[in-house]
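Engineer: Structure file run_26.cif, mmCIF, N, CA and C atoms and all ligand atoms, is pasted below:
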```cif
data_my_file
#
loop_
_atom_site.label_atom_id
_atom_site.label_comp_id
_atom_site.auth_asym_id
_atom_site.auth_seq_id
_atom_site.Cartn_x
_atom_site.Cartn_y
_atom_site.Cartn_z
N MET U 1 0.84 -1.18 0.00
CA MET U 1 0.00 0.00 0.00
C MET U 1 0.88 1.24 0.00
N ARG U 2 0.48 2.20 -0.80
CA ARG U 2 1.28 3.41 -0.91
C ARG U 2 1.05 4.33 0.29
N PRO U 3 2.09 5.09 0.64
CA PRO U 3 1.94 6.02 1.78
C PRO U 3 0.81 7.02 1.57
N LYS U 4 0.59 7.47 0.32
CA LYS U 4 -0.49 8.44 0.07
C LYS U 4 -1.86 7.83 0.36
N MET U 5 -2.01 6.55 0.05
CA MET U 5 -3.29 5.88 0.31
C MET U 5 -3.51 5.73 1.82
N ILE U 6 -2.44 5.40 2.53
CA ILE U 6 -2.56 5.28 3.99
C ILE U 6 -2.92 6.63 4.61
N LEU U 7 -2.22 7.68 4.14
CA LEU U 7 -2.49 9.02 4.65
C LEU U 7 -3.92 9.45 4.35
N SER U 8 -4.40 9.19 3.12
CA SER U 8 -5.77 9.58 2.78
C SER U 8 -6.78 8.77 3.59
N GLY U 9 -6.46 7.52 3.90
CA GLY U 9 -7.34 6.70 4.74
C GLY U 9 -7.43 7.26 6.15
N ILE U 10 -6.28 7.68 6.69
CA ILE U 10 -6.26 8.27 8.04
C ILE U 10 -7.04 9.59 8.05
N LEU U 11 -6.85 10.41 7.03
CA LEU U 11 -7.58 11.68 6.95
C LEU U 11 -9.08 11.46 6.83
N LEU U 12 -9.47 10.49 6.03
CA LEU U 12 -10.89 10.18 5.86
C LEU U 12 -11.50 9.73 7.20
N LEU U 13 -10.78 8.87 7.89
CA LEU U 13 -11.25 8.40 9.20
C LEU U 13 -11.36 9.56 10.20
N ALA U 14 -10.36 10.44 10.21
CA ALA U 14 -10.38 11.58 11.12
C ALA U 14 -11.52 12.54 10.81
N CYS U 15 -11.83 12.71 9.52
CA CYS U 15 -12.91 13.64 9.13
C CYS U 15 -14.29 13.06 9.40
N THR U 16 -14.45 11.76 9.41
CA THR U 16 -15.77 11.18 9.65
C THR U 16 -15.98 10.86 11.13
N ALA U 17 -15.04 10.20 11.75
CA ALA U 17 -15.21 9.80 13.15
C ALA U 17 -14.87 10.94 14.11
N GLY U 18 -13.98 11.84 13.71
CA GLY U 18 -13.56 12.93 14.59
C GLY U 18 -14.70 13.78 15.11
N PRO U 19 -15.57 14.32 14.24
CA PRO U 19 -16.68 15.14 14.74
C PRO U 19 -17.64 14.37 15.63
N ILE U 20 -17.86 13.10 15.34
CA ILE U 20 -18.76 12.28 16.17
C ILE U 20 -18.17 12.11 17.56
N VAL U 21 -16.91 11.77 17.64
CA VAL U 21 -16.24 11.59 18.93
C VAL U 21 -16.18 12.92 19.69
N ALA U 22 -15.89 14.01 18.98
CA ALA U 22 -15.81 15.32 19.62
C ALA U 22 -17.17 15.73 20.17
N THR U 23 -18.25 15.49 19.42
CA THR U 23 -19.60 15.82 19.88
C THR U 23 -19.94 15.01 21.12
N TRP U 24 -19.65 13.73 21.09
CA TRP U 24 -19.93 12.85 22.23
C TRP U 24 -19.14 13.31 23.47
N ALA U 25 -17.88 13.64 23.27
CA ALA U 25 -17.05 14.07 24.40
C ALA U 25 -17.53 15.39 24.97
N TYR U 26 -17.93 16.32 24.10
CA TYR U 26 -18.42 17.61 24.56
C TYR U 26 -19.72 17.44 25.34
N GLU U 27 -20.63 16.61 24.85
CA GLU U 27 -21.90 16.37 25.53
C GLU U 27 -21.66 15.70 26.89
N ALA U 28 -20.74 14.76 26.94
CA ALA U 28 -20.40 14.10 28.21
C ALA U 28 -19.82 15.10 29.20
N TYR U 29 -19.00 16.03 28.70
CA TYR U 29 -18.41 17.06 29.56
C TYR U 29 -19.49 18.01 30.08
N ARG U 30 -20.40 18.44 29.18
CA ARG U 30 -21.44 19.39 29.55
C ARG U 30 -22.42 18.83 30.58
N THR U 31 -22.65 17.51 30.54
CA THR U 31 -23.67 16.91 31.40
C THR U 31 -23.05 16.08 32.52
N ARG U 32 -21.80 16.35 32.87
CA ARG U 32 -21.09 15.51 33.84
C ARG U 32 -21.74 15.52 35.22
N ASP U 33 -22.39 16.63 35.58
CA ASP U 33 -23.04 16.67 36.89
C ASP U 33 -24.52 17.04 36.77
N LEU U 34 -25.16 16.52 35.74
CA LEU U 34 -26.56 16.81 35.47
C LEU U 34 -27.45 16.12 36.51
N THR U 35 -28.41 16.85 37.06
CA THR U 35 -29.36 16.28 38.01
C THR U 35 -30.46 15.54 37.27
N ALA U 36 -31.01 16.17 36.24
CA ALA U 36 -32.10 15.53 35.49
C ALA U 36 -32.30 16.26 34.17
N GLU U 37 -32.97 15.57 33.27
CA GLU U 37 -33.38 16.19 32.02
C GLU U 37 -34.90 16.28 32.02
N ILE U 38 -35.40 17.43 31.63
CA ILE U 38 -36.85 17.62 31.50
C ILE U 38 -37.14 17.81 30.02
N VAL U 39 -38.00 16.96 29.50
CA VAL U 39 -38.40 17.04 28.09
C VAL U 39 -39.65 17.90 28.00
N ALA U 40 -39.65 18.83 27.07
CA ALA U 40 -40.79 19.75 26.92
C ALA U 40 -41.58 19.46 25.65
N ARG U 41 -42.88 19.25 25.83
CA ARG U 41 -43.82 19.08 24.72
C ARG U 41 -45.11 19.80 25.11
N VAL U 42 -45.90 20.22 24.14
CA VAL U 42 -47.20 20.81 24.47
C VAL U 42 -48.02 19.77 25.23
N PRO U 43 -48.92 20.20 26.12
CA PRO U 43 -49.67 19.25 26.96
C PRO U 43 -50.37 18.14 26.17
N GLU U 44 -50.93 18.47 25.02
CA GLU U 44 -51.65 17.45 24.25
C GLU U 44 -50.71 16.40 23.64
N LYS U 45 -49.42 16.65 23.68
CA LYS U 45 -48.45 15.68 23.15
C LYS U 45 -47.54 15.11 24.24
N GLY U 46 -47.85 15.39 25.52
CA GLY U 46 -47.05 14.78 26.57
C GLY U 46 -46.61 15.68 27.70
N ASN U 47 -46.69 17.02 27.51
CA ASN U 47 -46.35 17.95 28.57
C ASN U 47 -44.88 17.83 28.98
N PHE U 48 -44.53 18.45 30.10
CA PHE U 48 -43.19 18.28 30.64
C PHE U 48 -43.05 16.83 31.11
N ALA U 49 -41.90 16.26 30.93
CA ALA U 49 -41.64 14.91 31.44
C ALA U 49 -40.23 14.90 32.02
N PRO U 50 -40.11 14.66 33.31
CA PRO U 50 -41.16 14.31 34.27
C PRO U 50 -41.92 15.55 34.74
N GLN U 51 -43.09 15.30 35.33
CA GLN U 51 -43.86 16.41 35.89
C GLN U 51 -43.68 16.51 37.40
N LEU U 52 -42.97 15.56 37.97
CA LEU U 52 -42.59 15.64 39.39
C LEU U 52 -41.13 15.28 39.50
N LEU U 53 -40.38 16.18 40.07
CA LEU U 53 -38.95 15.99 40.22
C LEU U 53 -38.58 16.21 41.68
N ARG U 54 -37.93 15.24 42.30
CA ARG U 54 -37.58 15.35 43.72
C ARG U 54 -36.07 15.55 43.84
N VAL U 55 -35.69 16.60 44.58
CA VAL U 55 -34.27 16.92 44.76
C VAL U 55 -34.01 17.21 46.23
N GLN U 56 -32.74 17.20 46.59
CA GLN U 56 -32.33 17.46 47.97
C GLN U 56 -32.11 18.96 48.20
N ALA U 57 -32.59 19.44 49.34
CA ALA U 57 -32.36 20.84 49.71
C ALA U 57 -30.87 21.06 49.93
N GLY U 58 -30.39 22.19 49.51
CA GLY U 58 -29.00 22.54 49.73
C GLY U 58 -28.02 21.99 48.71
N GLU U 59 -28.51 21.17 47.78
CA GLU U 59 -27.62 20.62 46.76
C GLU U 59 -27.76 21.41 45.46
N LYS U 60 -26.64 21.54 44.76
CA LYS U 60 -26.66 22.24 43.48
C LYS U 60 -27.43 21.39 42.46
N ILE U 61 -28.39 22.03 41.81
CA ILE U 61 -29.24 21.34 40.84
C ILE U 61 -28.88 21.85 39.45
N LYS U 62 -28.69 20.93 38.55
CA LYS U 62 -28.41 21.30 37.16
C LYS U 62 -29.42 20.56 36.29
N LEU U 63 -30.31 21.33 35.66
CA LEU U 63 -31.35 20.73 34.82
C LEU U 63 -31.10 21.07 33.36
N ARG U 64 -31.35 20.08 32.53
CA ARG U 64 -31.32 20.31 31.09
C ARG U 64 -32.76 20.22 30.62
N VAL U 65 -33.26 21.29 30.00
CA VAL U 65 -34.62 21.30 29.47
C VAL U 65 -34.51 21.16 27.96
N ARG U 66 -35.05 20.06 27.47
CA ARG U 66 -34.92 19.74 26.04
C ARG U 66 -36.27 19.92 25.36
N ASN U 67 -36.35 20.86 24.45
CA ASN U 67 -37.58 21.09 23.71
C ASN U 67 -37.57 20.17 22.48
N VAL U 68 -38.38 19.11 22.54
CA VAL U 68 -38.43 18.16 21.43
C VAL U 68 -39.64 18.45 20.54
N ASP U 69 -40.24 19.61 20.74
CA ASP U 69 -41.47 19.97 20.06
C ASP U 69 -41.19 20.77 18.78
N THR U 70 -42.27 21.17 18.13
CA THR U 70 -42.14 21.98 16.91
C THR U 70 -42.47 23.44 17.17
N VAL U 71 -42.72 23.78 18.44
CA VAL U 71 -43.00 25.17 18.83
C VAL U 71 -42.03 25.58 19.95
N THR U 72 -41.94 26.89 20.17
CA THR U 72 -41.08 27.41 21.23
C THR U 72 -41.75 27.21 22.60
N HIS U 73 -40.95 26.83 23.59
CA HIS U 73 -41.43 26.72 24.96
C HIS U 73 -40.55 27.59 25.85
N GLY U 74 -40.93 27.66 27.11
CA GLY U 74 -40.13 28.33 28.12
C GLY U 74 -40.09 27.44 29.34
N PHE U 75 -39.25 27.82 30.31
CA PHE U 75 -39.17 27.05 31.54
C PHE U 75 -38.81 28.00 32.66
N ALA U 76 -39.61 27.97 33.72
CA ALA U 76 -39.33 28.84 34.86
C ALA U 76 -39.82 28.22 36.15
N ILE U 77 -39.10 28.51 37.23
CA ILE U 77 -39.53 28.20 38.60
C ILE U 77 -39.47 29.53 39.33
N PRO U 78 -40.53 30.33 39.24
CA PRO U 78 -40.47 31.70 39.77
C PRO U 78 -40.11 31.78 41.25
N ALA U 79 -40.59 30.86 42.07
CA ALA U 79 -40.33 30.93 43.51
C ALA U 79 -38.85 30.76 43.83
N LEU U 80 -38.09 30.21 42.88
CA LEU U 80 -36.65 30.01 43.09
C LEU U 80 -35.82 30.91 42.18
N GLN U 81 -36.48 31.87 41.55
CA GLN U 81 -35.81 32.81 40.62
C GLN U 81 -35.07 32.07 39.50
N VAL U 82 -35.69 31.00 38.98
CA VAL U 82 -35.10 30.25 37.87
C VAL U 82 -35.91 30.55 36.62
N ASP U 83 -35.23 30.96 35.57
CA ASP U 83 -35.92 31.23 34.30
C ASP U 83 -34.96 30.93 33.16
N ALA U 84 -35.31 29.93 32.36
CA ALA U 84 -34.47 29.56 31.22
C ALA U 84 -34.77 30.41 30.00
N GLY U 85 -35.83 31.21 30.06
CA GLY U 85 -36.20 32.02 28.90
C GLY U 85 -36.82 31.17 27.82
N GLU U 86 -36.83 31.68 26.61
CA GLU U 86 -37.40 30.94 25.49
C GLU U 86 -36.48 29.81 25.05
N ILE U 87 -37.08 28.66 24.77
CA ILE U 87 -36.32 27.52 24.25
C ILE U 87 -36.95 27.16 22.92
N LYS U 88 -36.26 27.46 21.88
CA LYS U 88 -36.81 27.23 20.53
C LYS U 88 -36.91 25.73 20.24
N ALA U 89 -37.74 25.39 19.27
CA ALA U 89 -37.96 24.00 18.89
C ALA U 89 -36.64 23.31 18.58
N GLY U 90 -36.44 22.17 19.21
CA GLY U 90 -35.22 21.40 18.97
C GLY U 90 -34.03 21.85 19.78
N HIS U 91 -34.19 22.89 20.59
CA HIS U 91 -33.07 23.41 21.35
C HIS U 91 -33.10 22.93 22.81
N VAL U 92 -32.01 23.23 23.51
CA VAL U 92 -31.83 22.79 24.88
C VAL U 92 -31.43 23.99 25.72
N ALA U 93 -31.91 24.04 26.95
CA ALA U 93 -31.48 25.08 27.89
C ALA U 93 -31.00 24.40 29.16
N MET U 94 -29.98 25.00 29.77
CA MET U 94 -29.46 24.49 31.04
C MET U 94 -29.75 25.52 32.12
N VAL U 95 -30.22 25.06 33.26
CA VAL U 95 -30.41 25.95 34.40
C VAL U 95 -29.73 25.33 35.61
N GLU U 96 -29.12 26.19 36.42
CA GLU U 96 -28.44 25.75 37.64
C GLU U 96 -28.88 26.61 38.80
N PHE U 97 -29.16 25.97 39.90
CA PHE U 97 -29.58 26.70 41.09
C PHE U 97 -29.45 25.77 42.29
N THR U 98 -29.54 26.36 43.47
CA THR U 98 -29.45 25.58 44.71
C THR U 98 -30.65 25.92 45.58
N PRO U 99 -31.65 25.04 45.63
CA PRO U 99 -32.80 25.31 46.49
C PRO U 99 -32.44 25.05 47.95
N GLU U 100 -32.62 26.05 48.78
CA GLU U 100 -32.22 25.93 50.18
C GLU U 100 -33.36 25.44 51.07
N LYS U 101 -34.59 25.85 50.75
CA LYS U 101 -35.73 25.53 51.62
C LYS U 101 -36.54 24.37 51.05
N PRO U 102 -36.88 23.37 51.89
CA PRO U 102 -37.76 22.30 51.43
C PRO U 102 -39.14 22.85 51.06
N GLY U 103 -39.79 22.17 50.15
CA GLY U 103 -41.13 22.58 49.74
C GLY U 103 -41.42 22.12 48.33
N GLN U 104 -42.59 22.50 47.86
CA GLN U 104 -42.98 22.16 46.49
C GLN U 104 -43.03 23.44 45.68
N TYR U 105 -42.32 23.43 44.58
CA TYR U 105 -42.21 24.61 43.73
C TYR U 105 -42.70 24.27 42.33
N ASP U 106 -43.66 25.06 41.85
CA ASP U 106 -44.19 24.82 40.49
C ASP U 106 -43.19 25.27 39.45
N TYR U 107 -43.06 24.48 38.41
CA TYR U 107 -42.35 24.96 37.21
C TYR U 107 -43.33 24.91 36.06
N TYR U 108 -43.16 25.85 35.16
CA TYR U 108 -44.10 25.88 34.04
C TYR U 108 -43.50 26.55 32.82
N CYS U 109 -44.22 26.37 31.73
CA CYS U 109 -43.83 26.96 30.45
C CYS U 109 -44.19 28.44 30.48
N THR U 110 -43.30 29.27 29.96
CA THR U 110 -43.52 30.72 29.99
C THR U 110 -43.81 31.30 28.60
N VAL U 111 -44.01 30.43 27.62
CA VAL U 111 -44.29 30.89 26.27
C VAL U 111 -45.62 30.28 25.83
N TRP U 112 -46.51 31.12 25.30
CA TRP U 112 -47.80 30.62 24.83
C TRP U 112 -47.56 29.66 23.67
N CYS U 113 -47.75 28.35 23.93
CA CYS U 113 -47.35 27.34 22.96
C CYS U 113 -48.52 26.58 22.34
N SER U 114 -49.65 26.55 23.01
CA SER U 114 -50.83 25.87 22.44
C SER U 114 -52.04 26.34 23.23
N GLU U 115 -53.21 25.86 22.82
CA GLU U 115 -54.42 26.25 23.56
C GLU U 115 -54.42 25.65 24.97
N PHE U 116 -53.58 24.65 25.21
CA PHE U 116 -53.48 24.02 26.53
C PHE U 116 -52.24 24.48 27.30
N HIS U 117 -51.67 25.59 26.85
CA HIS U 117 -50.42 26.09 27.43
C HIS U 117 -50.47 26.18 28.97
N LEU U 118 -51.61 26.64 29.50
CA LEU U 118 -51.69 26.84 30.96
C LEU U 118 -51.58 25.53 31.73
N GLN U 119 -51.74 24.40 31.05
CA GLN U 119 -51.59 23.09 31.71
C GLN U 119 -50.14 22.59 31.65
N MET U 120 -49.28 23.35 31.01
CA MET U 120 -47.89 22.89 30.85
C MET U 120 -47.09 23.26 32.09
N ARG U 121 -47.07 22.35 33.04
CA ARG U 121 -46.43 22.62 34.32
C ARG U 121 -46.01 21.34 35.01
N GLY U 122 -45.22 21.50 36.06
CA GLY U 122 -44.79 20.38 36.86
C GLY U 122 -44.40 20.88 38.24
N VAL U 123 -43.91 19.98 39.07
CA VAL U 123 -43.57 20.33 40.45
C VAL U 123 -42.16 19.85 40.77
N LEU U 124 -41.38 20.78 41.31
CA LEU U 124 -40.08 20.43 41.86
C LEU U 124 -40.25 20.28 43.36
N GLU U 125 -40.03 19.08 43.86
CA GLU U 125 -40.19 18.84 45.29
C GLU U 125 -38.80 18.84 45.93
N VAL U 126 -38.58 19.78 46.83
CA VAL U 126 -37.29 19.89 47.51
C VAL U 126 -37.45 19.28 48.89
N VAL U 127 -36.65 18.26 49.17
CA VAL U 127 -36.79 17.53 50.43
C VAL U 127 -35.47 17.54 51.21
N THR U 128 -35.59 17.26 52.49
CA THR U 128 -34.39 17.04 53.31
C THR U 128 -34.34 15.54 53.61
N GLN U 129 -33.18 15.04 53.94
CA GLN U 129 -33.05 13.60 54.16
C GLN U 129 -33.70 13.13 55.43
CU CU T 1 -46.33 26.91 26.80
#
```
Have the structure of the file written as structure tokens, please.
Structural biologist:
Amino acid sequence: MRPKMILSGILLLACTAGPIVATWAYEAYRTRDLTAEIVARVPEKGNFAPQLLRVQAGEKIKLRVRNVDTVTHGFAIPALQVDAGEIKAGHVAMVEFTPEKPGQYDYYCTVWCSEFHLQMRGVLEVVTQ
């Protein structure tokens, strides 16, 4: 085999597998301490999932909100001053916060997304051990 063929084979492999490996590594790095993922859909197609999330008081929470829908959604927990803003279709938002007080905190969509928008909500339950 000629050296040019070997070199072109290595370059071809690097150009095809390289971006895949880099994407995987970046995603693994970004989500290394993720608490949970919340999937967002309009209520008639599944709503937030999960709709009940239990976390420990005093621990740093890192949520990834993934909009798998075809419309823009939002995500907020007003009582904890958490607001991811608008999350466009197919996009992801990360929010980080530390809830100090136990209790139940509503989270909901902040963008008018469907006629059932007001039902797009869930509960973050903050507990102590
Ligand atoms: Cu909505």
Engineer: Please determine, counting only C-alpha atoms and all ligand atoms, which residue among U:Glu59, U:Glu44, U:Glu125, U:Glu100 has the shortest atom-to-atom distance to ligand CU 1 (chain T).
Structural biologist: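 The closest residue to ligand CU 1 (chain T) is U:Glu44.
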Engineer: Counting only N, CA and C atoms and all ligand atoms, which residues of chain U fall within 6.5 Å of ligand CU 1 (chain T), and what is the closest atom pair for each with its distance in Å at one decimal, ordered by chain and rising number, as a Markdown table?
Structural biologist:
```
| residue | atom | partner | partner_atom | distance |
| --- | --- | --- | --- | --- |
| U:Thr72 | C | T:CU1 | CU | 6.2 |
| U:His73 | CA | T:CU1 | CU | 5.2 |
| U:Gly74 | N | T:CU1 | CU | 5.5 |
| U:Cys109 | CA | T:CU1 | CU | 4.4 |
| U:Thr110 | N | T:CU1 | CU | 5.0 |
| U:Val111 | C | T:CU1 | CU | 3.6 |
| U:Trp112 | C | T:CU1 | CU | 4.3 |
| U:Cys113 | N | T:CU1 | CU | 3.5 |
| U:Ser114 | N | T:CU1 | CU | 5.1 |
| U:Phe116 | C | T:CU1 | CU | 6.4 |
| U:His117 | CA | T:CU1 | CU | 4.2 |
| U:Leu118 | N | T:CU1 | CU | 5.9 |
| U:Met120 | CA | T:CU1 | CU | 5.9 |
```
Engineer: Using Å and a single decimal, report how far atom CA of U:Pro99 sits from atom CA of U:Pro78.
Structural biologist: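 Interatomic distance, atom CA of U:Pro78 to atom CA of U:Pro99: 12.0 Å.
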Engineer: Dump as a PyMOL selection string all residues having an atom at most 6 Å from (-42.2, 29.1, 42.8), computed in the file's coordinates with only N, CA and C atoms.
Structural biologist: chain U and resi 77-80+105-106
Engineer: If we count all atoms listed in the file and set the cut-off at 8 Å, which residues sit around stretch 63-71 of chain U, ignoring sequence neighbours fewer than 5 positions away in its own chain? Please answer as a list of chain:residue names.
Structural biologist: U:Asp33, U:Leu34, U:Thr35, U:Ala36, U:Glu37, U:Ile38, U:Val39, U:Ala40, U:Arg41, U:Val42, U:Ile87, U:Lys88, U:Ala89, U:Gly90, U:His91, U:Val92, U:Ala93, U:Met94, U:Val95, U:Glu96, U:Phe97, U:Trp112, U:Cys113, U:Ser114
Engineer: By how many Å are atom CA of U:Gln104 and atom CA of U:Arg30 apart?
Structural biologist: 27.5 Å
Engineer: Suppose you want the space between atom CA of U:Pro3 and atom CA of U:Cys15; what is it in Å?
Structural biologist: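 It comes out at 18.2 Å.
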Engineer: Looking at U:Gly9, U:Pro50, U:Gly58, U:Gly18, which one is nearest to U:Leu124, with distances taken over only C-alpha atoms?
Structural biologist: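 Going through U:Gly9, U:Pro50, U:Gly58, U:Gly18 one by one, the smallest distance to U:Leu124 is for U:Pro50.
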Engineer: Would you kindly return, as a PDB file with N, CA and C atoms, keeping the file's coordinate frame, each protein, DNA or RNA residue with an atom no farther than 8 Å from any atom of U:Gln56, considering only N, CA and C atoms and excluding same-chain residues fewer than 5 positions away?
Structural biologist:
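The resulting file, part-v7.pdb, is shown below:
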```
ATOM      1  N   ILE U  61     -28.390  22.030  41.810  1.00  0.00           N
ATOM      2  CA  ILE U  61     -29.240  21.340  40.840  1.00  0.00           C
ATOM      3  C   ILE U  61     -28.880  21.850  39.450  1.00  0.00           C
ATOM      4  N   THR U  98     -29.540  26.360  43.470  1.00  0.00           N
ATOM      5  CA  THR U  98     -29.450  25.580  44.710  1.00  0.00           C
ATOM      6  C   THR U  98     -30.650  25.920  45.580  1.00  0.00           C
ATOM      7  N   PRO U  99     -31.650  25.040  45.630  1.00  0.00           N
ATOM      8  CA  PRO U  99     -32.800  25.310  46.490  1.00  0.00           C
ATOM      9  C   PRO U  99     -32.440  25.050  47.950  1.00  0.00           C
ATOM     10  N   GLU U 100     -32.620  26.050  48.780  1.00  0.00           N
ATOM     11  CA  GLU U 100     -32.220  25.930  50.180  1.00  0.00           C
ATOM     12  C   GLU U 100     -33.360  25.440  51.070  1.00  0.00           C
ATOM     13  N   LYS U 101     -34.590  25.850  50.750  1.00  0.00           N
ATOM     14  CA  LYS U 101     -35.730  25.530  51.620  1.00  0.00           C
ATOM     15  C   LYS U 101     -36.540  24.370  51.050  1.00  0.00           C
ATOM     16  N   PRO U 102     -36.880  23.370  51.890  1.00  0.00           N
ATOM     17  CA  PRO U 102     -37.760  22.300  51.430  1.00  0.00           C
ATOM     18  C   PRO U 102     -39.140  22.850  51.060  1.00  0.00           C
ATOM     19  N   GLU U 125     -40.030  19.080  43.860  1.00  0.00           N
ATOM     20  CA  GLU U 125     -40.190  18.840  45.290  1.00  0.00           C
ATOM     21  C   GLU U 125     -38.800  18.840  45.930  1.00  0.00           C
ATOM     22  N   VAL U 126     -38.580  19.780  46.830  1.00  0.00           N
ATOM     23  CA  VAL U 126     -37.290  19.890  47.510  1.00  0.00           C
ATOM     24  C   VAL U 126     -37.450  19.280  48.890  1.00  0.00           C
ATOM     25  N   VAL U 127     -36.650  18.260  49.170  1.00  0.00           N
ATOM     26  CA  VAL U 127     -36.790  17.530  50.430  1.00  0.00           C
ATOM     27  C   VAL U 127     -35.470  17.540  51.210  1.00  0.00           C
ATOM     28  N   THR U 128     -35.590  17.260  52.490  1.00  0.00           N
ATOM     29  CA  THR U 128     -34.390  17.040  53.310  1.00  0.00           C
ATOM     30  C   THR U 128     -34.340  15.540  53.610  1.00  0.00           C
ATOM     31  N   GLN U 129     -33.180  15.040  53.940  1.00  0.00           N
ATOM     32  CA  GLN U 129     -33.050  13.600  54.160  1.00  0.00           C
ATOM     33  C   GLN U 129     -33.700  13.130  55.430  1.00  0.00           C
TER      34      GLN U 129
END
```
Engineer: Among the residues of chain U, find those DSSP assigns to strand (DSSP E) from the backbone and print them as a PyMOL selection string.
Structural biologist: chain U and resi 36-40+52-56+61-67+73-77+82-87+92-97+103-108+121-127
Engineer: Please, which residues of stretch 17-124 of chain U, numbered as in this document, come out alpha helix (DSSP H) from DSSP, as a PyMOL selection string?
Structural biologist: chain U and resi 17-30
Engineer: Return as AutoDock Vina command-line options the centre and edge lengths, in Å with one decimal, of the box along x, y and z that encloses every atom of stretch 99-110 of chain U in the file, padded by 3 Å per side.
Structural biologist:
```
--center_x -37.9 --center_y 26.7 --center_z 40.2 --size_x 18.6 --size_y 15.2 --size_z 29.3
```
